[in-house]
Every structure is written in structure tokens, then in C-alpha cells.
>>> print(open('entry.cif').read())   # mmCIF, C-alpha atoms and all ligand atoms
data_data
#
loop_
_atom_site.label_atom_id
_atom_site.label_comp_id
_atom_site.auth_asym_id
_atom_site.auth_seq_id
_atom_site.Cartn_x
_atom_site.Cartn_y
_atom_site.Cartn_z
CA MET L 16 8.42 15.83 -14.66
CA ALA L 17 5.11 14.02 -14.41
CA GLU L 18 1.52 14.97 -15.00
CA ILE L 19 -0.38 14.18 -11.83
CA GLY L 20 -4.09 14.14 -11.05
CA PHE L 21 -4.67 14.91 -7.36
CA ILE L 22 -7.98 14.22 -5.61
CA GLY L 23 -8.68 15.75 -2.19
CA LEU L 24 -7.03 19.05 -1.29
CA GLY L 25 -7.77 18.96 2.44
CA ARG L 26 -5.45 19.65 5.35
CA MET L 27 -2.98 17.06 4.08
CA GLY L 28 -3.72 17.02 0.35
CA LEU L 29 -3.26 20.73 -0.30
CA PRO L 30 0.31 21.02 1.02
CA MET L 31 1.22 17.67 -0.58
CA ALA L 32 -0.06 18.79 -3.98
CA ALA L 33 1.62 22.18 -3.52
CA ASN L 34 4.97 20.44 -2.93
CA LEU L 35 4.50 18.40 -6.12
CA ALA L 36 3.86 21.63 -8.05
CA LYS L 37 6.89 23.26 -6.43
CA ALA L 38 9.02 20.32 -7.54
CA GLY L 39 7.96 21.02 -11.14
CA HIS L 40 5.25 18.40 -11.61
CA ARG L 41 2.10 19.46 -13.47
CA VAL L 42 -0.68 18.98 -10.93
CA ARG L 43 -4.38 18.97 -11.87
CA ALA L 44 -6.56 18.72 -8.81
CA PHE L 45 -10.15 18.28 -7.78
CA ASP L 46 -11.86 18.71 -4.42
CA LEU L 47 -15.57 18.78 -3.61
CA SER L 48 -15.10 22.11 -1.82
CA PRO L 49 -14.82 25.18 -4.08
CA GLU L 50 -12.97 27.13 -1.33
CA THR L 51 -10.38 24.40 -1.09
CA LEU L 52 -9.98 24.33 -4.86
CA GLU L 53 -9.39 28.08 -4.81
CA ALA L 54 -6.68 27.63 -2.17
CA GLY L 55 -5.12 25.03 -4.49
CA ARG L 56 -5.15 27.47 -7.39
CA GLN L 57 -3.31 29.99 -5.27
CA ALA L 58 -0.69 27.33 -4.49
CA GLY L 59 0.11 26.86 -8.19
CA ILE L 60 -2.13 23.86 -8.79
CA GLN L 61 -4.48 23.64 -11.75
CA ALA L 62 -7.98 23.45 -10.23
CA CYS L 63 -10.35 21.20 -12.21
CA PRO L 64 -14.16 21.32 -12.28
CA SER L 65 -14.56 17.54 -11.91
CA VAL L 66 -12.72 14.47 -10.75
CA GLU L 67 -12.59 13.28 -14.37
CA ASP L 68 -10.91 16.49 -15.51
CA ALA L 69 -8.27 16.06 -12.84
CA ALA L 70 -7.61 12.36 -13.27
CA LEU L 71 -8.33 11.12 -16.79
CA GLY L 72 -5.30 11.24 -19.06
CA ALA L 73 -2.84 11.62 -16.19
CA PRO L 74 -0.32 8.78 -15.84
CA PHE L 75 -0.40 9.21 -12.04
CA VAL L 76 -3.43 9.89 -9.86
CA ILE L 77 -3.01 10.55 -6.15
CA SER L 78 -5.92 10.51 -3.71
CA MET L 79 -5.97 12.00 -0.21
CA VAL L 80 -9.57 11.75 0.96
CA PRO L 81 -11.12 10.96 4.36
CA THR L 82 -12.07 7.26 4.28
CA GLY L 83 -12.02 4.01 2.35
CA ARG L 84 -15.63 4.59 1.37
CA HIS L 85 -14.57 7.79 -0.43
CA VAL L 86 -11.66 6.01 -2.13
CA LEU L 87 -13.76 3.10 -3.37
CA ASP L 88 -16.53 5.45 -4.55
CA ILE L 89 -14.04 7.51 -6.55
CA PHE L 90 -12.15 4.63 -8.15
CA GLY L 91 -14.34 1.52 -7.97
CA GLY L 92 -17.64 0.42 -9.44
CA PRO L 93 -18.88 0.61 -13.03
CA SER L 94 -18.57 4.41 -13.25
CA GLY L 95 -15.43 4.76 -11.09
CA LEU L 96 -12.19 6.18 -12.43
CA LEU L 97 -10.46 2.80 -12.76
CA SER L 98 -12.81 1.79 -15.55
CA ARG L 99 -11.93 4.96 -17.47
CA MET L 100 -8.23 5.50 -16.79
CA ALA L 101 -5.69 4.45 -19.42
CA ALA L 102 -4.18 1.00 -18.91
CA GLY L 103 -0.67 1.32 -17.50
CA SER L 104 -1.44 4.42 -15.46
CA MET L 105 -1.08 4.40 -11.67
CA VAL L 106 -3.18 5.26 -8.62
CA ILE L 107 -1.39 6.19 -5.41
CA ASP L 108 -3.84 6.30 -2.54
CA SER L 109 -2.40 8.11 0.46
CA SER L 110 -5.61 8.22 2.50
CA THR L 111 -5.68 6.09 5.66
CA ILE L 112 -8.15 3.31 4.90
CA ALA L 113 -8.81 -0.28 5.97
CA VAL L 114 -6.30 -2.89 4.84
CA ALA L 115 -9.18 -4.87 3.32
CA GLU L 116 -10.37 -1.80 1.38
CA ALA L 117 -6.83 -1.16 0.10
CA ARG L 118 -6.56 -4.77 -1.06
CA ALA L 119 -9.95 -4.48 -2.79
CA LEU L 120 -8.65 -1.41 -4.63
CA HIS L 121 -5.52 -3.28 -5.75
CA GLU L 122 -7.72 -6.12 -7.02
CA ALA L 123 -9.95 -3.70 -8.96
CA GLY L 124 -6.83 -2.03 -10.38
CA ARG L 125 -5.51 -5.39 -11.61
CA GLU L 126 -8.79 -6.03 -13.45
CA HIS L 127 -8.38 -2.75 -15.35
CA GLY L 128 -4.61 -2.89 -15.90
CA ILE L 129 -4.01 0.03 -13.53
CA ALA L 130 -1.11 -0.12 -11.07
CA ILE L 131 -2.13 0.62 -7.48
CA LEU L 132 -0.05 1.63 -4.50
CA ASP L 133 -1.45 2.09 -1.00
CA ALA L 134 0.79 4.81 0.37
CA PRO L 135 -0.51 6.21 3.66
CA VAL L 136 1.59 8.76 5.47
CA SER L 137 2.82 9.72 8.89
CA GLY L 138 4.01 13.18 9.87
CA GLY L 139 0.77 15.15 9.98
CA VAL L 140 0.00 18.53 8.47
CA MET L 141 3.39 19.93 9.48
CA GLY L 142 5.16 17.06 7.73
CA ALA L 143 2.96 17.56 4.68
CA GLN L 144 3.84 21.26 4.57
CA ALA L 145 7.55 20.66 5.07
CA GLY L 146 7.66 17.79 2.56
CA THR L 147 9.02 15.46 5.22
CA LEU L 148 6.26 12.85 5.39
CA THR L 149 6.96 9.17 5.88
CA PHE L 150 5.31 7.09 3.15
CA MET L 151 4.59 3.42 3.91
CA VAL L 152 3.86 1.77 0.64
CA GLY L 153 2.13 -1.44 -0.34
CA GLY L 154 2.28 -2.79 -3.88
CA GLU L 155 4.57 -4.23 -6.54
CA GLU L 156 8.27 -3.41 -6.29
CA ALA L 157 8.44 -2.05 -9.88
CA ASP L 158 5.43 0.21 -9.27
CA PHE L 159 7.01 1.45 -6.06
CA GLU L 160 10.20 2.38 -7.94
CA ARG L 161 8.16 4.16 -10.63
CA ALA L 162 6.37 6.21 -7.95
CA ARG L 163 9.43 6.93 -5.81
CA PRO L 164 10.43 10.26 -7.49
CA ILE L 165 6.87 11.53 -7.05
CA LEU L 166 6.66 10.49 -3.41
CA ALA L 167 10.09 12.06 -2.85
CA ALA L 168 8.62 15.50 -3.64
CA MET L 169 6.27 15.10 -0.65
CA GLY L 170 8.19 12.99 1.82
CA ARG L 171 11.58 12.20 3.27
CA ASN L 172 11.22 8.55 4.31
CA ILE L 173 9.76 6.37 1.61
CA VAL L 174 9.54 2.72 2.55
CA ARG L 175 8.04 -0.23 0.74
CA ALA L 176 6.19 -2.26 3.36
CA GLY L 177 5.49 -5.21 1.05
CA PRO L 178 2.68 -6.25 -1.30
CA ALA L 179 -0.85 -4.86 -1.66
CA GLY L 180 -2.29 -3.45 1.57
CA ASN L 181 0.93 -3.61 3.58
CA GLY L 182 1.29 0.19 3.60
CA GLN L 183 -2.05 0.43 5.39
CA ALA L 184 -1.04 -2.45 7.66
CA ALA L 185 2.07 -0.49 8.72
CA LYS L 186 0.05 2.68 9.23
CA ILE L 187 -2.58 1.16 11.51
CA CYS L 188 -0.03 -0.83 13.50
CA ASN L 189 1.93 2.38 14.05
CA ASN L 190 -1.16 4.31 15.13
CA LEU L 191 -2.35 1.45 17.33
CA LEU L 192 0.94 1.80 19.19
CA ALA L 193 0.84 5.61 19.18
CA GLY L 194 -2.73 5.74 20.49
CA ILE L 195 -2.18 3.23 23.27
CA SER L 196 1.18 4.64 24.34
CA MET L 197 -0.19 8.19 24.56
CA ILE L 198 -2.77 6.96 27.08
CA ALA L 199 -0.08 5.07 29.01
CA VAL L 200 2.21 8.11 29.08
CA SER L 201 -0.72 10.30 30.20
CA GLU L 202 -1.46 7.90 33.06
CA ALA L 203 2.19 7.92 34.12
CA PHE L 204 2.46 11.72 34.05
CA THR L 205 -0.79 12.08 35.99
CA LEU L 206 0.30 9.61 38.65
CA ALA L 207 3.77 11.20 38.85
CA LYS L 208 2.23 14.63 39.45
CA ARG L 209 0.02 13.32 42.24
CA LEU L 210 3.02 11.65 43.84
CA GLY L 211 4.84 14.99 43.81
CA LEU L 212 7.22 14.18 40.94
CA ASP L 213 7.99 17.07 38.59
CA PRO L 214 7.03 16.19 34.97
CA LEU L 215 10.37 17.44 33.59
CA THR L 216 12.27 15.26 36.06
CA MET L 217 10.08 12.29 35.30
CA ARG L 218 10.64 12.69 31.54
CA GLU L 219 14.38 12.99 32.03
CA ILE L 220 14.54 9.79 34.09
CA VAL L 221 12.11 7.69 32.07
CA SER L 222 13.57 8.74 28.71
CA THR L 223 16.66 6.65 29.54
CA SER L 224 14.72 3.93 31.37
CA THR L 225 12.58 1.03 30.26
CA GLY L 226 9.37 3.08 29.95
CA SER L 227 10.79 5.36 27.26
CA CYS L 228 8.75 5.87 24.09
CA HIS L 229 8.01 8.52 21.46
CA ALA L 230 4.98 9.93 23.31
CA LEU L 231 7.16 10.55 26.34
CA THR L 232 10.36 11.79 24.71
CA SER L 233 9.15 13.68 21.63
CA TYR L 234 5.40 14.31 21.97
CA PRO L 235 4.70 14.76 25.69
CA PRO L 236 1.05 15.46 26.57
CA VAL L 237 2.03 17.80 29.42
CA PRO L 238 2.29 21.45 28.31
CA GLY L 239 5.61 23.24 28.66
CA ILE L 240 7.96 20.26 28.47
CA LEU L 241 8.77 20.78 24.78
CA PRO L 242 8.02 24.06 22.98
CA ASN L 243 6.99 22.77 19.56
CA VAL L 244 4.43 20.07 20.34
CA PRO L 245 0.62 20.38 20.40
CA SER L 246 0.38 20.23 24.23
CA SER L 247 2.35 23.48 24.38
CA ARG L 248 -0.07 25.25 22.02
CA GLU L 249 -3.32 24.22 23.71
CA TYR L 250 -3.46 20.96 21.74
CA GLN L 251 -4.14 22.80 18.47
CA ASN L 252 -2.79 21.93 14.99
CA GLY L 253 -1.80 18.39 15.78
CA PHE L 254 -3.15 14.96 14.92
CA ALA L 255 -6.84 15.24 15.80
CA ALA L 256 -8.26 12.82 18.38
CA ASP L 257 -11.02 12.13 15.82
CA LEU L 258 -8.41 10.80 13.39
CA MET L 259 -6.72 8.72 16.08
CA LEU L 260 -10.12 7.20 16.89
CA LYS L 261 -10.68 6.48 13.19
CA ASP L 262 -7.32 4.70 12.94
CA LEU L 263 -7.87 2.69 16.13
CA ARG L 264 -11.16 1.50 14.70
CA LEU L 265 -9.38 0.47 11.51
CA ALA L 266 -6.92 -1.46 13.68
CA GLU L 267 -9.82 -3.12 15.54
CA ARG L 268 -11.37 -4.13 12.26
CA ALA L 269 -8.07 -5.57 11.02
CA ALA L 270 -7.66 -7.45 14.32
CA MET L 271 -11.11 -8.98 13.87
CA ASP L 272 -10.40 -9.89 10.22
CA THR L 273 -7.24 -11.73 11.25
CA ALA L 274 -8.56 -13.21 14.55
CA SER L 275 -5.88 -11.23 16.41
CA SER L 276 -6.18 -10.30 20.04
CA SER L 277 -5.89 -6.55 20.66
CA PRO L 278 -7.53 -5.82 24.01
CA LEU L 279 -5.57 -2.62 24.63
CA GLY L 280 -6.45 -1.35 21.15
CA THR L 281 -10.14 -1.89 21.89
CA LEU L 282 -9.82 -0.17 25.26
CA ALA L 283 -7.92 2.74 23.71
CA ALA L 284 -10.61 3.17 21.03
CA GLY L 285 -13.23 3.32 23.81
CA ILE L 286 -11.25 5.97 25.69
CA TYR L 287 -10.73 8.19 22.63
CA ASN L 288 -14.37 7.68 21.69
CA LEU L 289 -15.50 9.03 25.06
CA PHE L 290 -13.09 11.95 24.66
CA CYS L 291 -14.33 12.77 21.14
CA GLN L 292 -17.97 12.40 22.16
CA SER L 293 -17.35 15.10 24.77
CA GLY L 294 -16.60 17.58 22.00
CA ASN L 295 -12.81 17.25 22.03
CA GLY L 296 -12.33 15.40 18.74
CA GLY L 297 -10.65 18.39 17.06
CA LEU L 298 -7.91 18.61 19.68
CA ASP L 299 -4.61 16.81 19.27
CA TYR L 300 -4.80 13.24 20.60
CA SER L 301 -2.29 14.06 23.35
CA ALA L 302 -5.09 16.09 24.99
CA ILE L 303 -6.38 12.71 26.20
CA ILE L 304 -4.34 13.48 29.33
CA LYS L 305 -7.05 15.96 30.33
CA MET L 306 -9.60 13.17 30.52
CA ILE L 307 -7.20 10.99 32.48
CA GLU L 308 -6.51 13.86 34.87
CA GLY L 309 -10.25 14.11 35.37
CA ALA L 310 -10.81 17.52 33.75
CA GLU L 311 -14.41 18.31 32.87
CA PRO L 312 -15.35 17.14 29.35
CA GLY L 313 -15.08 20.03 26.90
CA THR L 314 -12.43 21.82 28.95
CA ALA L 315 -9.46 20.04 27.45
CA LYS L 316 -8.10 23.25 25.87
CA THR L 317 -6.55 24.52 29.06
P1 LIG J 1 -9.55 16.61 5.27
O1 LIG J 1 -10.94 16.29 5.70
O2 LIG J 1 -8.89 17.87 5.71
O3 LIG J 1 -9.48 16.58 3.65
C1 LIG J 1 -10.13 15.65 2.86
C2 LIG J 1 -10.53 16.36 1.57
O4 LIG J 1 -11.08 15.42 0.68
C3 LIG J 1 -11.60 17.45 1.80
O5 LIG J 1 -11.12 18.68 1.28
C4 LIG J 1 -12.81 16.92 1.02
O6 LIG J 1 -13.57 17.97 0.41
C5 LIG J 1 -12.12 16.06 -0.03
N1 LIG J 1 -12.99 15.05 -0.62
C6 LIG J 1 -13.80 14.16 0.00
N2 LIG J 1 -14.42 13.38 -0.92
C7 LIG J 1 -13.99 13.80 -2.14
C8 LIG J 1 -14.28 13.42 -3.48
N3 LIG J 1 -15.16 12.45 -3.76
N4 LIG J 1 -13.66 14.07 -4.49
C9 LIG J 1 -12.79 15.07 -4.22
N5 LIG J 1 -12.49 15.50 -2.98
C10 LIG J 1 -13.08 14.85 -1.95
O7 LIG J 1 -8.67 15.34 5.69
P2 LIG J 1 -7.09 15.26 5.89
O8 LIG J 1 -6.75 15.63 7.28
O9 LIG J 1 -6.42 15.95 4.76
O10 LIG J 1 -6.88 13.68 5.80
C11 LIG J 1 -6.92 12.98 4.56
C12 LIG J 1 -6.52 11.54 4.80
O11 LIG J 1 -5.20 11.51 5.36
C13 LIG J 1 -7.42 10.79 5.79
O12 LIG J 1 -7.57 9.47 5.37
C14 LIG J 1 -6.63 10.87 7.11
O13 LIG J 1 -6.94 9.80 7.98
C15 LIG J 1 -5.21 10.80 6.59
N6 LIG J 1 -4.18 11.43 7.47
C16 LIG J 1 -4.41 12.65 8.03
C17 LIG J 1 -3.43 13.22 8.83
C18 LIG J 1 -3.64 14.57 9.48
O14 LIG J 1 -2.83 14.94 10.37
N7 LIG J 1 -4.64 15.34 9.11
C19 LIG J 1 -2.22 12.54 9.06
C20 LIG J 1 -2.01 11.32 8.43
C21 LIG J 1 -3.00 10.76 7.63
#
>>> encode(input="entry.cif", output="C-alpha cells")
Amino acid sequence: MAEIGFIGLGRMGLPMAANLAKAGHRVRAFDLSPETLEAGRQAGIQACPSVEDAALGAPFVISMVPTGRHVLDIFGGPSGLLSRMAAGSMVIDSSTIAVAEARALHEAGREHGIAILDAPVSGGVMGAQAGTLTFMVGGEEADFERARPILAAMGRNIVRAGPAGNGQAAKICNNLLAGISMIAVSEAFTLAKRLGLDPLTMREIVSTSTGSCHALTSYPPVPGILPNVPSSREYQNGFAADLMLKDLRLAERAAMDTASSSPLGTLAAGIYNLFCQSGNGGLDYSAIIKMIEGAEPGTAKT
């Protein structure tokens, strides 16, 4: 069993670290929030007073923090962890960050002899709690194999997407699709309703027709179609629209960096931005249907 430093015990990080501890790994964690650290302690994780206490001396360090800026501040620069970690140790960053930031982290790791994996996840808080996350991993094959048993304690599908940054590339391409298709499915359901077509009937027909997709079959934005999705619990405890907006902006940035055309991605980012600006950013992203239906901003809970 490994000794693991874990940085960032938020909505995702806490259950991920708890699953590592449950699997028998020795987890030393740090978070800026004392309340969060206390919750970690109660989950069997050793709570550390500083990021150095959590990370230095551990052969594996996992980070699960909000943005690339946080990641680069923690690991990069003259006083960052990379300059003080033992050569041969490994950083696994599971935060969703820009591909370019992930590649910069890999480069900095190489300079210090530290192996880096970008390993963002899909599956949300429920997947983190259940230990069923999908990990999409960028980095060297040998490093991926070394990390696999650790990732396996937190996830079910662990896939190497290719070299440095490709994990983040997979993540933003997935969320670009998810964000756009949720808007498309919301438009179709709204139109169907106004044409007098029952949403259950529409889902049944389209799920075996050419318009079928995950947002329609497994994550419908209309309440009452499936019992265990955010739309059926007032859009709570899902993948926040704020996070979808963040990921669509990362996709936009990647599209600009590679001179790729992504007009629907840009449009989708604008739509979620309007939705989040109206005070709905904490709701699951499927609540976007409320804006498409023309509900008053701020009333998306019902
Ligand atoms: P969160 O805001 O709940 O947690 C982030 C944690 O990081 C907070 O507890 C914060 O105190 C801590 N933190 C920030 N800077 C720190 C530092 N310098 N040192 C130590 N701790 C620090 O966020 P989350 O929902 O857990 O998401 C984390 C990452 O995972 C993000 O990049 C997000 O985009 C990604 N993600 C989230 C979900 C989801 O459903 N929530 C799903 C997939 C991916």
C-alpha cells in the first residue's frame, strides 16, 4: 500500500481520498479550509497543517483543486512543491485544467525528475463517492502503469489517453459534447412539449432514432422521466452549471490554441454564462432547459 499526499478535499477530493484510505493506502491531506480538513479526519485521512506536510516525502501526490492556476501555484515556481519533492516521486493531477497548463506542469516535472500524470475524471460527486469514476490519463505509459493501482481505488474505468495533456484533452472534448448536447436535448424537449408530444414518448422514440444521445437517454433535463437524475431532484447534487461553463471555456481556449473551429462550443458557453449570471450556477447543468423554456431567471429550481 502506498503513502499518498492529497491536496484539495473538496466535493470531489474528500470522497476520493476517503476511498484511498478505505483501500488501505496511507493518506496525508491538506486543504485550505479547516472545516474540510476536519471532515477528512473523520473519514480516516491524516489531516496535515500545510501542503508541505501532506506532500513532501510521499511517493505519490494527488491534487484535486479548482483550476489550473491553483495547480501551477501549488507545484510550479521556485517555491512550488516540484522543486522540493524527491526525484522519482509522482504527481497525479485530477483537477480539470487547461491542456496547455497540464503540459506546462509535465514540463516542470521533467525538469525536477518528477513523473506527472494529468488524470481528470468524469462521474461527478456520486462517482467519487462510489469509487466508480472514469480517469482519463495523459503521461508516460510506465508512469500510468505505476499509478493504476492507486487510481483503481477511486475509479472503475481507467484509460490512458496518450502523452502529456491528453487526459485533459479527452475531458474537455467530452464536456464540450455534453454541454452542447444538453442544450440540444433541452430544445428538442421544449419543442416537443409545445407540439403536444409527451416527453416520455419522445424519449422512447428518439432513444432508438438518430437523435439519441446520453443527455436524452440517461440524463434527461425534464423532471420525472428518470428517478435518479438531477432533474428529478430539483437539479440539486449534480454537475454544477458553473463547472460546465468552466469546462466550455477551457474547450474554447484549446480551440483557439489549435486554430480549431468550435462555433457551437462558443455559443454553448454564452448560453451557460447567461444562465449562471442569473444566479443558477449551482444547479445541475441540465437545468439549462428552464432558460430554454423561458422560465424567469433565478426560478430554475422548479
Ligand atoms: P471544490 O471547490 O468543492 O473543492 C476544491 C478544494 O480545493 C476546496 O476544498 C479548496 O479549499 C481546496 N483548495 C483550493 N486551493 C487549495 C490549495 N492551494 N491547497 C489546498 N487546498 C486547496 O471543487 P470540486 O467540485 O471538488 O472540483 C475539483 C476539481 O475537479 C475541479 O477542477 C473541477 O472542475 C473538477 N471536477 C469536478 C466535478 C464535480 O462534479 N464537482 C466533476 C469532475 C471534475
>>> residues_near_point(input="entry.cif", point="(6.5, -5.0, -3.9)", cutoff="6 Å", atoms="all atoms listed in the file", output="list of chain:residue names")
L:Gly154, L:Glu155, L:Glu156, L:Gly177, L:Pro178
>>> residues_near_ligand(input="entry.cif", ligand="ligand LIG 1 (chain J)", cutoff="6 Å", atoms="only C-alpha atoms and all ligand atoms", output="compact mmCIF listing (two decimals) with C-alpha atoms, in the coordinates of the input")
# COMPACT_ATOMS: atom_id res chain seq x y z
CA ILE L 22 -7.98 14.22 -5.61
CA GLY L 23 -8.68 15.75 -2.19
CA LEU L 24 -7.03 19.05 -1.29
CA GLY L 25 -7.77 18.96 2.44
CA ARG L 26 -5.45 19.65 5.35
CA MET L 27 -2.98 17.06 4.08
CA GLY L 28 -3.72 17.02 0.35
CA PHE L 45 -10.15 18.28 -7.78
CA ASP L 46 -11.86 18.71 -4.42
CA LEU L 47 -15.57 18.78 -3.61
CA SER L 48 -15.10 22.11 -1.82
CA MET L 79 -5.97 12.00 -0.21
CA VAL L 80 -9.57 11.75 0.96
CA PRO L 81 -11.12 10.96 4.36
CA THR L 82 -12.07 7.26 4.28
CA HIS L 85 -14.57 7.79 -0.43
CA ILE L 89 -14.04 7.51 -6.55
CA SER L 110 -5.61 8.22 2.50
CA THR L 111 -5.68 6.09 5.66
CA VAL L 136 1.59 8.76 5.47
CA SER L 137 2.82 9.72 8.89
CA GLY L 139 0.77 15.15 9.98
CA VAL L 140 0.00 18.53 8.47
CA PHE L 254 -3.15 14.96 14.92
CA LEU L 258 -8.41 10.80 13.39
>>> atom_distance(input="entry.cif", atom1="CA of Leu241 in chain L", atom2="CA of Cys228 in chain L")
14.9 Å
>>> residues_near_point(input="entry.cif", point="(-13.6, -4.6, 0.5)", cutoff="12 Å", atoms="only C-alpha atoms", output="ChimeraX atom specification")
/L:83-84,86-88,91-92,112-123,180,268-269,272
>>> residues_around(input="entry.cif", residues="Ala38 in chain L", least_positions_apart="3", cutoff="10 Å", atoms="all atoms listed in the file", output="list in words")
Met16, Ala32, Ala33, Asn34, Leu35, Arg41, Ile165, Ala167, Ala168 and Met169 of chain L
>>> closest_residue(input="entry.cif", among="L:Pro238, L:Gly153, L:Gly95, L:Gly128", to="Lys305 in chain L", atoms="only C-alpha atoms")
L:Pro238
>>> atom_distance(input="entry.cif", atom1="CA of Leu279 in chain L", atom2="CA of Leu192 in chain L")
9.6 Å
>>> residues_around(input="entry.cif", residues="Ala62 in chain L", least_positions_apart="4", cutoff="8 Å", atoms="all atoms listed in the file", output="PyMOL selection string")
chain L and resi 43-45+52-53+55-56+69
>>> closest_atom_pairs(input="entry.cif", of="range 178-281 of chain L", to="range 289-296 of chain L", cutoff="7 Å", atoms="all atoms listed in the file", output="tab-separated table")
residue	atom	partner	partner_atom	distance
L:Ala255	CA	L:Gly296	CA	6.2
L:Ala256	CA	L:Gly296	CA	4.8
L:Asp257	CA	L:Gly296	CA	4.6
>>> closest_residue(input="entry.cif", among="L:Thr281, L:Val152, L:Gly20, L:Ser227", to="Leu265 in chain L", atoms="all atoms listed in the file")
L:Thr281
>>> closest_residue(input="entry.cif", among="L:Arg248, L:Leu210, L:Ser277, L:Val200", to="Ile303 in chain L", atoms="only C-alpha atoms")
L:Val200
>>> atom_distance(input="entry.cif", atom1="CA of Ala270 in chain L", atom2="CA of Gly170 in chain L")
28.7 Å
